[in-house]
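The next block is start_26.txt, given as compact mmCIF, C-alpha atoms and all ligand atoms.
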```txt
# COMPACT_ATOMS: atom_id res chain seq x y z
CA MET E 1 0.00 0.00 0.00
CA GLU E 2 2.72 2.41 0.94
CA GLN E 3 4.33 2.36 -2.48
CA ASN E 4 1.15 3.85 -3.90
CA THR E 5 1.65 7.05 -1.96
CA ARG E 6 5.12 7.80 -3.22
CA ALA E 7 5.87 10.78 -5.41
CA VAL E 8 6.40 9.87 -9.05
CA ASP E 9 9.78 11.22 -10.14
CA GLY E 10 9.05 14.56 -8.56
CA LEU E 11 6.28 15.07 -11.13
CA GLY E 12 3.68 15.16 -8.42
CA VAL E 13 1.87 12.95 -6.00
CA ARG E 14 -1.30 10.95 -6.16
CA PRO E 15 -3.53 12.58 -3.62
CA GLY E 16 -6.02 10.74 -1.52
CA THR E 17 -4.22 7.41 -1.35
CA ARG E 18 -4.46 5.70 2.01
CA ASP E 19 -1.80 4.01 4.07
CA LYS E 20 -2.50 0.73 5.82
CA THR E 21 -3.84 2.46 8.91
CA GLY E 22 -6.49 4.16 6.79
CA PHE E 23 -5.18 7.73 6.71
CA ALA E 24 -4.74 9.71 3.55
CA LEU E 25 -0.98 10.18 3.31
CA VAL E 26 1.02 12.05 0.72
CA ARG E 27 4.77 11.68 0.38
CA LEU E 28 6.22 14.91 -0.92
CA PRO E 29 9.49 14.80 -2.90
CA GLY E 30 11.64 15.88 0.07
CA SER E 31 10.42 12.93 2.15
CA SER E 32 13.17 10.62 0.90
CA ARG E 33 15.16 11.57 3.95
CA SER E 34 18.47 9.90 3.25
CA SER E 35 19.07 11.44 -0.18
CA GLY E 36 19.78 14.87 1.28
CA LEU E 37 21.77 13.33 4.12
CA ASP E 38 24.73 12.32 1.95
CA ARG E 39 25.13 15.85 0.66
CA ASP E 40 24.48 17.48 4.05
CA VAL E 41 27.09 15.28 5.75
CA ARG E 42 29.73 15.84 3.07
CA ARG E 43 29.16 19.56 3.19
CA GLY E 44 28.74 19.73 6.97
CA PHE E 45 31.93 17.79 7.74
CA ALA E 46 34.10 19.41 5.06
CA GLY E 47 35.03 22.67 6.78
CA PRO E 48 36.71 23.53 10.07
CA ARG E 49 33.38 24.10 11.84
CA LYS E 50 31.40 20.90 11.50
CA HIS E 51 27.62 21.25 11.38
CA LEU E 52 24.48 19.30 10.42
CA PRO E 53 20.88 20.41 9.81
CA PRO E 54 18.48 19.62 12.68
CA LYS E 55 15.92 17.75 10.59
CA TYR E 56 17.89 14.50 11.02
CA PHE E 57 17.05 14.44 14.73
CA TYR E 58 13.55 13.33 13.95
CA ASP E 59 13.58 9.61 13.38
CA ALA E 60 10.94 7.74 15.42
CA ARG E 61 13.08 7.77 18.57
CA GLY E 62 14.13 11.39 18.10
CA SER E 63 10.52 12.50 17.77
CA LEU E 64 9.66 10.64 20.99
CA LEU E 65 12.62 12.18 22.82
CA PHE E 66 11.50 15.61 21.69
CA GLU E 67 8.10 14.90 23.28
CA ARG E 68 9.93 14.03 26.50
CA ILE E 69 11.83 17.32 26.36
CA CYS E 70 8.51 19.16 26.03
CA GLY E 71 7.36 17.63 29.31
CA THR E 72 10.39 18.70 31.36
CA PRO E 73 10.06 21.56 33.87
CA GLU E 74 12.97 23.44 32.26
CA TYR E 75 11.61 23.44 28.69
CA TYR E 76 9.06 26.26 29.02
CA PRO E 77 8.23 26.86 25.29
CA THR E 78 5.71 24.04 24.88
CA ARG E 79 3.58 24.74 27.93
CA THR E 80 3.81 28.51 27.45
CA GLU E 81 2.69 28.30 23.83
CA SER E 82 0.01 25.79 24.74
CA ALA E 83 -1.43 28.21 27.31
CA LEU E 84 -1.41 30.98 24.69
CA LEU E 85 -3.25 28.75 22.24
CA ALA E 86 -5.78 27.77 24.91
CA ARG E 87 -6.48 31.44 25.45
CA HIS E 88 -6.53 32.64 21.84
CA ALA E 89 -7.51 29.71 19.59
CA ARG E 90 -11.15 30.78 19.51
CA GLY E 91 -10.40 34.38 18.67
CA ILE E 92 -7.98 33.38 15.94
CA LEU E 93 -10.46 30.93 14.41
CA ASP E 94 -13.13 33.63 14.49
CA GLN E 95 -10.81 36.05 12.71
CA VAL E 96 -9.64 33.57 10.03
CA ALA E 97 -12.75 31.33 9.60
CA PRO E 98 -10.52 28.67 8.01
CA GLY E 99 -11.60 25.75 5.85
CA THR E 100 -8.26 24.02 6.47
CA LEU E 101 -5.47 24.02 9.07
CA VAL E 102 -2.06 23.27 7.56
CA GLU E 103 0.53 22.61 10.26
CA ILE E 104 4.20 22.67 9.32
CA GLY E 105 6.40 20.55 11.59
CA SER E 106 3.32 19.12 13.30
CA GLY E 107 5.07 16.42 15.37
CA SER E 108 2.61 15.04 17.93
CA SER E 109 0.00 17.72 17.03
CA GLU E 110 -0.83 17.99 20.74
CA LYS E 111 -1.04 21.79 20.96
CA THR E 112 -3.27 21.81 17.88
CA ASP E 113 -6.02 20.29 20.03
CA HIS E 114 -6.79 23.79 21.26
CA PHE E 115 -7.96 24.63 17.74
CA PHE E 116 -10.01 21.47 17.35
CA ALA E 117 -11.66 22.03 20.74
CA ALA E 118 -12.40 25.63 19.72
CA CYS E 119 -13.87 24.35 16.43
CA GLU E 120 -16.28 22.21 18.41
CA GLN E 121 -17.31 25.20 20.53
CA LEU E 122 -17.79 27.41 17.47
CA GLY E 123 -19.44 24.72 15.36
CA PHE E 124 -16.67 24.99 12.74
CA CYS E 125 -15.64 21.95 10.74
CA VAL E 126 -12.08 22.22 9.46
CA ARG E 127 -9.85 19.90 7.51
CA TYR E 128 -6.36 19.18 8.89
CA GLN E 129 -3.15 18.76 6.89
CA PRO E 130 -0.30 18.00 9.31
CA PHE E 131 3.09 18.18 7.60
CA ASP E 132 6.16 16.61 9.18
CA VAL E 133 9.46 14.98 8.27
CA CYS E 134 8.69 12.00 10.53
CA ASP E 135 5.98 9.69 9.19
CA GLU E 136 5.80 7.66 12.42
CA ALA E 137 4.99 10.84 14.36
CA LEU E 138 2.35 11.79 11.77
CA ARG E 139 0.65 8.41 11.99
CA ALA E 140 0.64 8.38 15.78
CA ALA E 141 -0.79 11.92 15.87
CA ALA E 142 -3.47 11.02 13.33
CA ALA E 143 -4.52 7.94 15.29
CA ARG E 144 -4.82 9.99 18.48
CA LEU E 145 -6.77 12.76 16.75
CA ARG E 146 -9.09 10.28 15.02
CA SER E 147 -10.18 8.82 18.35
CA ARG E 148 -10.67 12.23 19.90
CA TYR E 149 -12.17 14.23 17.01
CA ALA E 150 -14.03 11.70 14.89
CA TRP E 151 -15.32 14.47 12.57
CA LEU E 152 -11.85 15.64 11.61
CA ASP E 153 -10.86 15.03 7.98
CA MET E 154 -7.08 14.61 7.79
CA GLU E 155 -4.52 14.41 5.05
CA LEU E 156 -1.01 13.53 6.27
CA LEU E 157 1.89 15.15 4.44
CA VAL E 158 5.39 13.68 4.81
CA GLY E 159 8.12 15.98 3.61
CA ASP E 160 10.81 18.53 4.24
CA TYR E 161 9.57 22.09 4.70
CA ALA E 162 12.80 23.45 3.24
CA VAL E 163 11.95 22.05 -0.20
CA ASP E 164 8.33 20.87 -0.35
CA LEU E 165 6.26 24.02 0.13
CA PRO E 166 5.68 24.49 -3.62
CA ALA E 167 4.33 20.91 -3.78
CA LEU E 168 1.74 21.23 -0.97
CA PRO E 169 -1.58 19.79 -2.15
CA TYR E 170 -4.29 22.44 -2.03
CA SER E 171 -7.18 22.19 0.37
CA GLU E 172 -10.22 24.38 0.85
CA GLY E 173 -9.49 27.91 2.05
CA PRO E 174 -9.10 30.17 3.73
CA ARG E 175 -6.21 28.15 5.11
CA LEU E 176 -4.66 28.78 8.50
CA PHE E 177 -1.00 27.76 8.31
CA LEU E 178 0.56 26.91 11.67
CA PHE E 179 4.30 26.99 12.31
CA LEU E 180 4.50 26.57 16.05
CA GLY E 181 6.92 25.76 18.83
CA GLY E 182 9.52 28.28 17.82
CA THR E 183 10.77 26.08 14.99
CA ILE E 184 11.37 29.20 12.88
CA GLY E 185 14.36 29.67 15.21
CA ASN E 186 16.07 26.62 13.69
CA LEU E 187 16.73 28.72 10.60
CA ASN E 188 19.38 31.41 10.37
CA HIS E 189 18.34 34.82 9.10
CA ASP E 190 18.77 34.05 5.39
CA GLU E 191 17.19 30.61 5.66
CA ALA E 192 14.23 32.08 7.55
CA LEU E 193 13.73 34.71 4.87
CA THR E 194 13.90 32.10 2.12
CA PHE E 195 11.53 29.80 3.99
CA LEU E 196 9.00 32.54 4.75
CA ALA E 197 9.11 33.83 1.17
CA ALA E 198 8.51 30.28 -0.14
CA LEU E 199 5.63 29.85 2.29
CA ARG E 200 4.16 33.14 1.22
CA GLY E 201 4.49 31.97 -2.39
CA ALA E 202 2.46 28.86 -1.54
CA MET E 203 -0.27 30.91 0.18
CA CYS E 204 -3.36 32.55 -1.29
CA PRO E 205 -4.27 36.15 -0.40
CA GLU E 206 -7.02 35.02 2.00
CA ASP E 207 -4.77 32.60 3.94
CA PHE E 208 -3.19 33.33 7.33
CA LEU E 209 -0.01 32.15 9.03
CA LEU E 210 0.25 31.72 12.79
CA LEU E 211 3.88 31.74 13.90
CA GLY E 212 5.02 30.69 17.35
CA PHE E 213 8.34 32.22 18.31
CA ASP E 214 10.55 32.05 21.37
CA ARG E 215 11.67 35.27 23.00
CA ILE E 216 15.01 36.59 24.15
CA LYS E 217 15.22 36.26 27.91
CA GLU E 218 17.66 35.74 30.77
CA LYS E 219 20.52 33.45 29.78
CA HIS E 220 20.08 31.11 32.73
CA VAL E 221 16.47 30.34 31.76
CA LEU E 222 17.49 29.58 28.18
CA ASP E 223 20.53 27.53 29.17
CA ALA E 224 18.40 25.41 31.52
CA ALA E 225 15.75 24.79 28.84
CA TYR E 226 18.36 23.08 26.66
CA ASN E 227 20.08 21.25 29.53
CA ASP E 228 17.22 19.55 31.36
CA ALA E 229 18.16 17.67 34.51
CA ALA E 230 16.49 14.47 33.31
CA GLY E 231 18.89 14.44 30.37
CA TYR E 232 16.33 14.15 27.56
CA THR E 233 17.90 16.97 25.55
CA ALA E 234 21.28 15.24 25.78
CA GLN E 235 19.72 11.96 24.62
CA PHE E 236 17.94 13.78 21.81
CA ASN E 237 21.18 15.37 20.65
CA LEU E 238 23.19 12.13 20.92
CA ASN E 239 20.45 10.21 19.08
CA LEU E 240 21.66 12.00 15.97
CA LEU E 241 24.77 9.80 16.05
CA LYS E 242 22.56 6.71 16.00
CA VAL E 243 20.70 8.13 13.02
CA LEU E 244 24.04 8.63 11.24
CA ASN E 245 25.20 5.13 12.17
CA THR E 246 22.03 3.59 10.78
CA ARG E 247 21.69 5.62 7.63
CA LEU E 248 25.37 5.94 6.71
CA ASP E 249 26.66 2.67 8.10
CA ALA E 250 28.90 4.79 10.33
CA ASP E 251 30.73 3.95 13.56
CA PHE E 252 30.06 6.96 15.78
CA ASP E 253 30.47 6.04 19.44
CA LYS E 254 28.10 8.11 21.56
CA HIS E 255 30.39 7.68 24.57
CA ARG E 256 33.03 9.72 22.76
CA PHE E 257 30.74 12.72 22.45
CA ALA E 258 29.04 15.01 24.95
CA HIS E 259 25.93 17.17 24.69
CA VAL E 260 26.75 20.89 24.91
CA ALA E 261 24.10 23.63 24.65
CA PHE E 262 24.24 27.29 25.60
CA PHE E 263 22.70 30.65 24.76
CA ASN E 264 25.04 32.70 22.59
CA GLU E 265 24.05 36.23 23.61
CA ASP E 266 25.88 37.92 20.74
CA GLU E 267 24.00 35.87 18.16
CA GLY E 268 20.72 35.70 20.11
CA GLN E 269 20.58 31.95 19.66
CA ILE E 270 20.85 28.68 21.48
CA GLU E 271 23.62 26.58 20.00
CA MET E 272 23.53 22.87 20.47
CA HIS E 273 26.68 20.87 19.82
CA LEU E 274 28.07 17.35 20.06
CA GLN E 275 31.57 17.71 21.45
CA ALA E 276 34.27 15.10 20.84
CA GLN E 277 35.71 13.95 24.17
CA CYS E 278 38.90 12.59 22.61
CA THR E 279 40.74 12.75 19.31
CA HIS E 280 39.51 9.99 17.01
CA GLU E 281 38.32 9.07 13.53
CA VAL E 282 34.84 8.06 12.43
CA SER E 283 34.08 6.27 9.18
CA MET E 284 30.86 6.47 7.25
CA SER E 285 31.06 3.42 5.00
CA ARG E 286 27.99 4.06 2.89
CA ILE E 287 29.38 7.31 1.56
CA GLY E 288 33.06 6.36 1.75
CA LEU E 289 33.94 9.15 4.16
CA VAL E 290 36.31 9.18 7.13
CA THR E 291 36.29 12.19 9.43
CA ARG E 292 38.74 13.06 12.14
CA PHE E 293 37.66 14.76 15.36
CA VAL E 294 40.16 16.42 17.67
CA GLU E 295 39.43 16.50 21.37
CA GLY E 296 37.05 19.37 22.19
CA GLU E 297 35.93 19.86 18.60
CA THR E 298 32.18 20.04 18.06
CA ILE E 299 29.46 19.38 15.52
CA LEU E 300 26.92 22.21 15.59
CA THR E 301 23.69 20.20 15.48
CA GLU E 302 21.10 22.96 15.97
CA ILE E 303 20.60 26.65 16.39
CA SER E 304 17.43 27.91 18.05
CA ARG E 305 17.11 31.64 17.60
CA LYS E 306 15.25 33.80 20.08
CA PHE E 307 13.46 36.99 19.03
CA THR E 308 12.00 40.26 20.13
CA PRO E 309 8.52 41.02 18.73
CA GLU E 310 10.10 43.90 16.75
CA GLY E 311 12.73 41.59 15.29
CA MET E 312 10.12 39.04 14.24
CA LYS E 313 7.91 41.74 12.75
CA ALA E 314 10.81 43.03 10.65
CA LEU E 315 11.61 39.48 9.50
CA VAL E 316 8.08 38.59 8.38
CA GLU E 317 7.65 41.97 6.71
CA ALA E 318 10.90 41.49 4.79
CA ALA E 319 9.43 38.19 3.55
CA GLY E 320 6.28 39.91 2.28
CA PHE E 321 3.85 39.40 5.15
CA ARG E 322 1.70 41.87 7.03
CA TRP E 323 1.64 41.72 10.84
CA ARG E 324 -2.00 41.34 11.92
CA ARG E 325 -2.05 40.20 15.52
CA HIS E 326 0.42 39.51 18.32
CA GLU E 327 -0.26 37.59 21.53
CA GLU E 328 2.35 37.07 24.22
CA ALA E 329 2.70 35.24 27.51
CA ASP E 330 2.43 37.42 30.63
CA ASN E 331 6.08 36.71 31.44
CA GLY E 332 7.12 37.55 27.85
CA TYR E 333 8.65 34.11 27.36
CA PHE E 334 6.87 33.22 24.12
CA SER E 335 4.77 34.84 21.38
CA LEU E 336 2.26 34.06 18.68
CA ALA E 337 2.09 36.25 15.59
CA LEU E 338 -0.74 36.09 13.08
CA VAL E 339 0.33 37.37 9.66
CA THR E 340 -1.09 37.50 6.12
CA PRO E 341 0.44 37.81 2.67
CA THR E 342 0.53 41.48 1.71
C1 LIG R 1 11.42 21.94 17.86
C2 LIG R 1 13.03 23.40 16.99
C3 LIG R 1 11.34 24.25 18.42
O1 LIG R 1 14.52 24.73 19.08
O2 LIG R 1 13.58 24.53 21.01
C4 LIG R 1 14.39 21.40 21.82
C5 LIG R 1 14.02 21.73 19.27
N1 LIG R 1 16.11 21.19 20.56
N2 LIG R 1 15.46 21.13 22.59
C6 LIG R 1 13.78 24.14 19.87
C7 LIG R 1 14.82 21.45 20.53
C8 LIG R 1 16.48 21.00 21.82
C9 LIG R 1 13.06 22.86 19.41
N3 LIG R 1 12.25 23.11 18.17
```
Please go through the file and, once you have read it, give me the structure as structure tokens.
Ligand code: AVJ
Amino acid sequence: MEQNTRAVDGLGVRPGTRDKTGFALVRLPGSSRSSGLDRDVRRGFAGPRKHLPPKYFYDARGSLLFERICGTPEYYPTRTESALLARHARGILDQVAPGTLVEIGSGSSEKTDHFFAACEQLGFCVRYQPFDVCDEALRAAAARLRSRYAWLDMELLVGDYAVDLPALPYSEGPRLFLFLGGTIGNLNHDEALTFLAALRGAMCPEDFLLLGFDRIKEKHVLDAAYNDAAGYTAQFNLNLLKVLNTRLDADFDKHRFAHVAFFNEDEGQIEMHLQAQCTHEVSMSRIGLVTRFVEGETILTEISRKFTPEGMKALVEAAGFRWRRHEEADNGYFSLALVTPT
């Protein structure tokens, strides 16, 4: 069954096919996860400052570990954003009156429940298109939502938001696009501009985008959020080595690396690294690559930028959006911005 949902040579996808669990699932061209990996690893390990894109964190185990992080007392973004959504979902739905919710980087879709609950209160019936790089997470979210909101019509989209926005299958508008959790912070300034401009290009004039973004705050709060005492963030970071071992037939030893994360105040971003604890070589058989690590050297595995509302407003405006509404937590830890194509 699954083969039927695959993209045909990038020419397009067959919409409406169903996977074996009964959900409509579309594989967008960027969903073949390992094809980009070869290039990203070669490029990321070539220079003096090794780095990898964060999307490779999210295999089945990585997605589960991220859910664990969200439940830790130190990681405030999830619960802060969830409280904001609980408070404002109804007002936002009233303003947008959407036919479809399209969620980019939907993961477990748990916070999205606030919208579905508000739909029930308002008597709205929306369609839901969750879009994620991890198909296991999409299926688990869909199964949970199906049992809770039997009326909800879902179409699961597996893909990479960096390349697949032009290929998004259309669904009835107005569409409310959701990009929550502060994931916009994973992109540097240029990448964020490119991403937002591509998203705007995929949107119709009547569509809206709700952006969740994390705010600049005291360094100790940020440092703690990426160094939880239970160690889930460290496991999440180190899981990347397992992903590389599996996909590249590599011999990374997680005991030779340590999780390092800190808020870089000059750059306004969390930087998450894997730091080599000794000088050694790692081979990646599948791509015929051997890389040497010297003691103390790191792989930059993720940036997570933090914003001021003014900074975010300037960014979305530079990408061609109009700022329509801004809601923030009382402690200023997290914000939601509702924007439209200009
Ligand atoms: C899913 C990208 C929003 O940047 O805070 C959490 C990922 N990494 N802890 C973030 C993450 C380490 C998270 N985003």
Legend entry - Option closest in space to Met284 in chain E, from E:Lys50, E:Arg247, E:Arg325, E:Arg43 [counting all atoms listed in the file]: E:Arg247
Inset, instruction - Tell me which protein, DNA and RNA residues are within 10 Å of Gly201 in chain E, counting all atoms listed in the file, leaving out same-chain ones fewer than 2 positions away, and put them as an MDAnalysis selection string. - result: chainID E and resid 165:166 195:199 203:205 319:320 341
Legend entry - Length of the CA of Pro53 in chain E to CA of Arg256 in chain E vector [Å]: 20.7 Å
Legend entry - Expected answer as a VMD selection string: residues within 8 Å of ligand LIG 1 (chain R), all atoms listed in the file: chain E and resid 54 66 69 to 70 75 77 180 to 186 225 to 226 233 236 to 237 270 272 302 to 305
Legend entry - Nearest to Ile104 in chain E, chosen from E:Gly36, E:Gly311, E:Pro174, E:Gly212, with only C-alpha atoms counted in the distances: E:Gly212
Inset, instruction - Mind checking which residues fall within 10 Å of Asn245 in chain E, counting all atoms listed in the file, ignoring those fewer than 4 positions away in the same chain, and posting them as a list in words? - result: Asn239, Leu240, Leu241, Asp249, Ala250, Asp251, Phe252, Asp253, Ser283, Met284, Ser285 and Arg286 of chain E
Export of the given selection (C-alpha atoms) as a short mmCIF file (atom, residue, chain, number, x, y, z; two decimals), keeping the file's coordinate frame:
```
data_model
loop_
_atom_site.label_atom_id
_atom_site.label_comp_id
_atom_site.auth_asym_id
_atom_site.auth_seq_id
_atom_site.Cartn_x
_atom_site.Cartn_y
_atom_site.Cartn_z
CA ASN E 239 20.45 10.21 19.08
CA LEU E 240 21.66 12.00 15.97
CA LEU E 241 24.77 9.80 16.05
CA ASP E 249 26.66 2.67 8.10
CA ALA E 250 28.90 4.79 10.33
CA ASP E 251 30.73 3.95 13.56
CA PHE E 252 30.06 6.96 15.78
CA ASP E 253 30.47 6.04 19.44
CA SER E 283 34.08 6.27 9.18
CA MET E 284 30.86 6.47 7.25
CA SER E 285 31.06 3.42 5.00
CA ARG E 286 27.99 4.06 2.89
#
```
Inset, instruction - Would you mind reading off the distance between CA of His326 in chain E and CA of Ala83 in chain E, one decimal, in Å? - result: 14.6 Å
Legend entry - Atom-to-atom span, CA of Phe179 in chain E and CA of Ala229 in chain E, Å: 27.8 Å
Inset, instruction - Give me the residues within 12 Å of range 58-64 of chain E as a VMD selection string, counting all atoms listed in the file and dropping any in the same chain fewer than 2 places off. - result: chain E and resid 33 to 34 53 to 56 66 to 71 105 to 109 132 to 141 159 to 160 232 to 244 246 to 247
Write out as a PDB file with C-alpha atoms, keeping the file's coordinate frame which residues come within 6 Å of Thr279 in chain E when counting all atoms listed in the file, dropping same-chain ones fewer than 4 positions away.
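So result_33.pdb came out as:
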```
ATOM      1  CA  PHE E 293      37.660  14.760  15.360  1.00  0.00           C
ATOM      2  CA  VAL E 294      40.160  16.420  17.670  1.00  0.00           C
ATOM      3  CA  GLU E 295      39.430  16.500  21.370  1.00  0.00           C
TER       4      GLU E 295
END
```
Inset, instruction - Show which residues sit within 12 Å of Arg90 in chain E, as a ChimeraX atom specification. Count all atoms listed in the file, and ignore same-chain residues fewer than 6 positions away. - result: /E:84,96-98,113-124
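Shortest atom-to-atom contact with Leu65 in chain E among E:Ala276, E:Ala261, E:Leu248, E:Ala230: E:Ala230, counting only C-alpha atoms.
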Saving range 199-213 of chain E with N, CA and C atoms, as a short mmCIF file (atom, residue, chain, number, x, y, z; two decimals), in the first residue's frame, what would that file be?
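out_32.cif written:
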```cif
data_model
loop_
_atom_site.label_atom_id
_atom_site.label_comp_id
_atom_site.auth_asym_id
_atom_site.auth_seq_id
_atom_site.Cartn_x
_atom_site.Cartn_y
_atom_site.Cartn_z
N LEU E 199 6.95 30.10 1.70
CA LEU E 199 5.63 29.85 2.29
C LEU E 199 4.62 30.86 1.78
N ARG E 200 5.04 32.09 1.74
CA ARG E 200 4.16 33.14 1.22
C ARG E 200 3.78 32.83 -0.23
N GLY E 201 4.75 32.34 -1.00
CA GLY E 201 4.49 31.97 -2.39
C GLY E 201 3.47 30.84 -2.53
N ALA E 202 3.40 29.99 -1.50
CA ALA E 202 2.46 28.86 -1.54
C ALA E 202 1.09 29.26 -1.01
N MET E 203 0.99 30.48 -0.45
CA MET E 203 -0.27 30.91 0.18
C MET E 203 -1.12 31.74 -0.78
N CYS E 204 -2.42 31.71 -0.55
CA CYS E 204 -3.36 32.55 -1.29
C CYS E 204 -3.58 33.82 -0.47
N PRO E 205 -4.09 34.88 -1.11
CA PRO E 205 -4.27 36.15 -0.40
C PRO E 205 -5.14 36.03 0.85
N GLU E 206 -6.10 35.11 0.85
CA GLU E 206 -7.02 35.02 2.00
C GLU E 206 -6.48 34.14 3.13
N ASP E 207 -5.33 33.48 2.92
CA ASP E 207 -4.77 32.60 3.94
C ASP E 207 -4.07 33.39 5.04
N PHE E 208 -3.90 32.74 6.19
CA PHE E 208 -3.19 33.33 7.33
C PHE E 208 -2.08 32.38 7.77
N LEU E 209 -1.08 32.95 8.42
CA LEU E 209 -0.01 32.15 9.03
C LEU E 209 0.09 32.52 10.50
N LEU E 210 0.02 31.50 11.37
CA LEU E 210 0.25 31.72 12.79
C LEU E 210 1.64 31.17 13.13
N LEU E 211 2.50 32.07 13.59
CA LEU E 211 3.88 31.74 13.90
C LEU E 211 4.10 31.77 15.40
N GLY E 212 4.62 30.68 15.95
CA GLY E 212 5.02 30.69 17.35
C GLY E 212 6.50 30.98 17.42
N PHE E 213 6.90 31.97 18.23
CA PHE E 213 8.34 32.22 18.31
C PHE E 213 8.79 32.46 19.75
#
```
